[in-house]
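Structure record follows, encoded as structure tokens.
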Amino acid sequence: MVPSLFMMQRCLFPGAIGCKPSFILVKRYNCSSQKNARLQDDRWIPTVGLEIHAQINSQSKLFSSAKNQFMAPPNSLVSNFDASIPGTLPVINKECVRKAVRTGLALNCKIQKTSFFDRKHYFYSDMPQGYQITQYKHPIAKNGYLHYPTADGSVVKRVKIEQIQLEQDSGKSMHEEGQVTLIDLNRAGVGLMEIVTAPEVSSAGDACAFLKELYGILMRIGTCDGKLAEGQFRVDANISIAQQKTKLGTRVEVKNISGFKHIHNVIEYEIKRQIRIVEEGGIVESETRAFDYETGFTVSMRDKEIKQDYRFMPEPNLPPLHVYDDSSVTSLSNPSSVINVDQERRNLPKLPADIRGHLIESFHLSFVEAEFLTNRNMENYFIEVMECAHNLNPTVVWNWIKMHVIAHMVEYNLSSIEECYVSARDLAALLLLLHNNEINAETAHLTFTTAIQTRQHPDKIVEENNWKMISDKETVTKLCEDAIATLQCTDAKALSGYDADKPKSKASKQAIKRVIMLVRKNTNDKIHTGVAKDVTMKLLNYKRTS
């Protein structure tokens, strides 16, 4: 089997060194594929450890002033340092350090007051320096943990976070036909947080549940934008199988997985593949594999039987990285110039688990409903609606947010609820009209659409268009009585099928429908059909029993 090799053919660096920005051309050799495995056996115990590479949402890169931006022209955001021009030196981005500290605090890690950078040597086309600057031995945070709920919220599990390290991202390789790979170095040097878990996850479902919780935390605290299509949240999965909980099997690493569905499929496939090999008398090889998104298989990349020597060494061009706390920052002449861990802890927002708990406890939402609002940063909008109208059913409010507000945001490509054309107060007013039977569901939908188009208050829209329904029971009762009397005189058979003992039978429903239709006709469709239906049933029941 021939491993993936990348051989440099032509190199054009960016305008920073006097050349026009362009792709860098290299040669690629393909890997063989692996057939799918569909075997699963409860006797085998899978173990999964995860390495998450979360791109820090900073304005510039980790060690240079080059801009951090997606979809810029190829190789147009590459500084001399990113291109590994001799004589250039790294300068640490303070904002990247701050966001790594925030992430460590959110994941219950112990923040290291002093951490160090290392060089991890490997030669790859999209890493011009021939090494990556990382924190393999002395990371900025370690010994944390994360509690995460399973998919239905019925069980909460715990995974240990071994460490969080700051490091550089690599460039991007784009494989084209003809065994050619194009290299774009715009991403090279962008700040990454590598979050390493202990091998404590036992299924694909649990892995995805953990990653979704982690993803939500990073988004909530503002340290990663989490745009999966842009490679801002990538996962390496270390997977093994064994027949004893105390013993780990041979580890296989699957690299660079993006998207929760793909992560689930990769782990499930790899577990089945390894079980099939062992069941057929083979031996699982320690190797690095990649996920083929087209076939859904994992394919071999390189052998790990002989551990790769990355020749880690201290980074000589970066001093130790220091962070402080309340007790140590006071001794500094300029405390604002450093990162205070205690201040970052105080500035942390509420995390997803706390928000879900509040929604479930205070408004009796289900876990799924609370998770939906939390994942979309809609909890404050929901709470404001409830505060404006205390007597509304929380589930009704949640359903309107899901079916109408979210749909409106998607249609108009709105990035946050603050841009929504229908405020929480407007939605509360609309739902109160519906709750008080002043409008029906159909009119409520029309009012919501009109509010988006005109930016008017729902009360004004309903009043100006004369959309208020006749809903007071005294008036509705008189209208229904007149309709029933008219039908008895003109079409007695229309009501003959009504059965007070079976009000939901087809004949009973048809009789009620005839009454409602006549009332709607007599009121120019202004009757509230829900109220009219209840009143009609009571009148017909009374007439049948009297």
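In the structure tokens, each chain is lettered A, B, ... as it comes, each chain's residues begin at 1, and ligands are numbered from 1 in order of appearance.
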
(request) Would you mind listing what lies within 10 Å of Leu446 of chain A as a ChimeraX atom specification, with only C-alpha atoms counted and same-chain residues fewer than 6 positions away left out? (result) /A:461-462,467

(message) Can you tell me, as a list in words, which residues in segment 276-474 of chain A count as strand (DSSP E or B) by DSSP?
(response)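 Matching residues, listed in order: Glu287, Thr288, Arg289, Ala290, Phe291, Asp292, Phe297, Thr298, Val299, Ser300, Met301, Arg302, Asp303, Met313, Pro314, Leu321, His322, Tyr324, Asn340 and Ile470 of chain A.
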
(request) Quick one: pull the distance between atom CA of Ile183 of chain A and atom CA of Val78 of chain A, Å, one decimal. (result) 12.2 Å

(message) Between A:Ser258, A:Gln55, A:Gly189, A:Arg251, which residue has the minimum interatomic distance to Leu218 of chain A, considering only C-alpha atoms?
(response)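 The shortest atom-to-atom distance to Leu218 of chain A comes from A:Gln55.
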
(request) Select, from A:Glu361, A:Gly530, A:Met378, A:Ile271, the residue with the minimum atom-to-atom distance to Lys402 of chain A, counting only C-alpha atoms. (result)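 Between A:Glu361, A:Gly530, A:Met378, A:Ile271, the residue approaching Lys402 of chain A most closely is A:Met378.
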
(message) I need the residues of segment 85-248 of chain A that end up classed as alpha helix (DSSP H) by DSSP on the backbone, written out as a PyMOL selection string.
(response) chain A and resi 94-106+204-221

(request) Report the distance between atom CA of Ile355 of chain A and atom CA of Asp426 of chain A in Å, rounded to one decimal place. (result)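 About the pair atom CA of Ile355 of chain A and atom CA of Asp426 of chain A: they are 23.6 Å apart.
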
(request) Tell me, as a ChimeraX atom specification, which residues lie within 12 Å of Asn522 of chain A, counting only C-alpha atoms; anything in the same chain fewer than 2 positions away does not count. (result) /A:470,476,478-480,482-483,486,515-520,524-527

Written selection (N, CA and C atoms) as an mmCIF file, in the first residue's frame:
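File produced: selection.cif:
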```cif
data_model
loop_
_atom_site.group_PDB
_atom_site.id
_atom_site.type_symbol
_atom_site.label_atom_id
_atom_site.label_comp_id
_atom_site.auth_asym_id
_atom_site.auth_seq_id
_atom_site.Cartn_x
_atom_site.Cartn_y
_atom_site.Cartn_z
ATOM 1 N N ILE A 470 -65.362 37.499 15.865
ATOM 2 C CA ILE A 470 -66.459 37.504 16.835
ATOM 3 C C ILE A 470 -66.241 36.289 17.727
ATOM 4 N N VAL A 476 -71.714 34.638 19.948
ATOM 5 C CA VAL A 476 -71.517 33.409 19.172
ATOM 6 C C VAL A 476 -72.690 32.459 19.392
ATOM 7 N N LYS A 478 -75.812 33.211 20.106
ATOM 8 C CA LYS A 478 -76.981 33.701 19.361
ATOM 9 C C LYS A 478 -76.840 33.381 17.870
ATOM 10 N N LEU A 479 -75.635 33.571 17.299
ATOM 11 C CA LEU A 479 -75.416 33.284 15.884
ATOM 12 C C LEU A 479 -75.576 31.798 15.584
ATOM 13 N N CYS A 480 -75.071 30.948 16.474
ATOM 14 C CA CYS A 480 -75.177 29.501 16.263
ATOM 15 C C CYS A 480 -76.630 29.027 16.412
ATOM 16 N N ASP A 482 -79.286 30.795 15.703
ATOM 17 C CA ASP A 482 -79.976 31.202 14.483
ATOM 18 C C ASP A 482 -79.644 30.262 13.326
ATOM 19 N N ALA A 483 -78.363 29.851 13.235
ATOM 20 C CA ALA A 483 -77.954 28.954 12.155
ATOM 21 C C ALA A 483 -78.620 27.593 12.292
ATOM 22 N N THR A 486 -82.247 27.887 11.325
ATOM 23 C CA THR A 486 -82.377 28.006 9.866
ATOM 24 C C THR A 486 -82.234 26.638 9.201
ATOM 25 N N VAL A 515 -73.285 23.784 10.447
ATOM 26 C CA VAL A 515 -73.647 24.935 11.272
ATOM 27 C C VAL A 515 -72.570 26.010 11.165
ATOM 28 N N ILE A 516 -71.318 25.609 11.287
ATOM 29 C CA ILE A 516 -70.201 26.567 11.236
ATOM 30 C C ILE A 516 -70.173 27.279 9.886
ATOM 31 N N MET A 517 -70.368 26.524 8.816
ATOM 32 C CA MET A 517 -70.341 27.132 7.489
ATOM 33 C C MET A 517 -71.417 28.201 7.344
ATOM 34 N N LEU A 518 -72.600 27.944 7.877
ATOM 35 C CA LEU A 518 -73.680 28.924 7.772
ATOM 36 C C LEU A 518 -73.372 30.157 8.630
ATOM 37 N N VAL A 519 -72.782 29.941 9.828
ATOM 38 C CA VAL A 519 -72.422 31.073 10.691
ATOM 39 C C VAL A 519 -71.349 31.930 10.015
ATOM 40 N N ARG A 520 -70.370 31.286 9.403
ATOM 41 C CA ARG A 520 -69.313 32.017 8.711
ATOM 42 C C ARG A 520 -69.904 32.857 7.569
ATOM 43 N N ASN A 524 -69.773 37.084 7.354
ATOM 44 C CA ASN A 524 -68.694 37.429 6.416
ATOM 45 C C ASN A 524 -67.347 36.866 6.871
ATOM 46 N N ASP A 525 -67.391 35.659 7.371
ATOM 47 C CA ASP A 525 -66.181 34.921 7.787
ATOM 48 C C ASP A 525 -65.487 35.560 8.982
ATOM 49 N N LYS A 526 -66.236 36.254 9.846
ATOM 50 C CA LYS A 526 -65.631 36.916 10.998
ATOM 51 C C LYS A 526 -65.804 36.126 12.283
ATOM 52 N N ILE A 527 -66.467 35.000 12.226
ATOM 53 C CA ILE A 527 -66.687 34.209 13.431
ATOM 54 C C ILE A 527 -65.418 33.453 13.804
#
```

(message) Restricting the calculation to only C-alpha atoms: of A:His53, A:His322, A:Arg425, A:Arg376, which residue gets closest to Arg98 of chain A?
(response)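 Smallest distance to Arg98 of chain A is found for A:His322.
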
(request) Might you pull out every residue within 9 Å of Gln274 of chain A, with only C-alpha atoms counted and same-chain residues fewer than 6 positions away left off, and present them as a ChimeraX atom specification? (result) /A:37,240-241,283-284

I need the residues from that last selection saved to file as a short mmCIF file (atom, residue, chain, number, x, y, z; two decimals), in the first residue's frame (with C-alpha atoms), if you can.
```
data_model
loop_
_atom_site.label_atom_id
_atom_site.label_comp_id
_atom_site.auth_asym_id
_atom_site.auth_seq_id
_atom_site.Cartn_x
_atom_site.Cartn_y
_atom_site.Cartn_z
CA ALA A 37 -18.07 -3.54 7.17
CA SER A 240 -10.13 0.74 19.44
CA ILE A 241 -12.07 -2.36 20.48
CA ILE A 283 -5.07 -8.28 13.53
CA VAL A 284 -6.04 -4.61 13.68
#
```
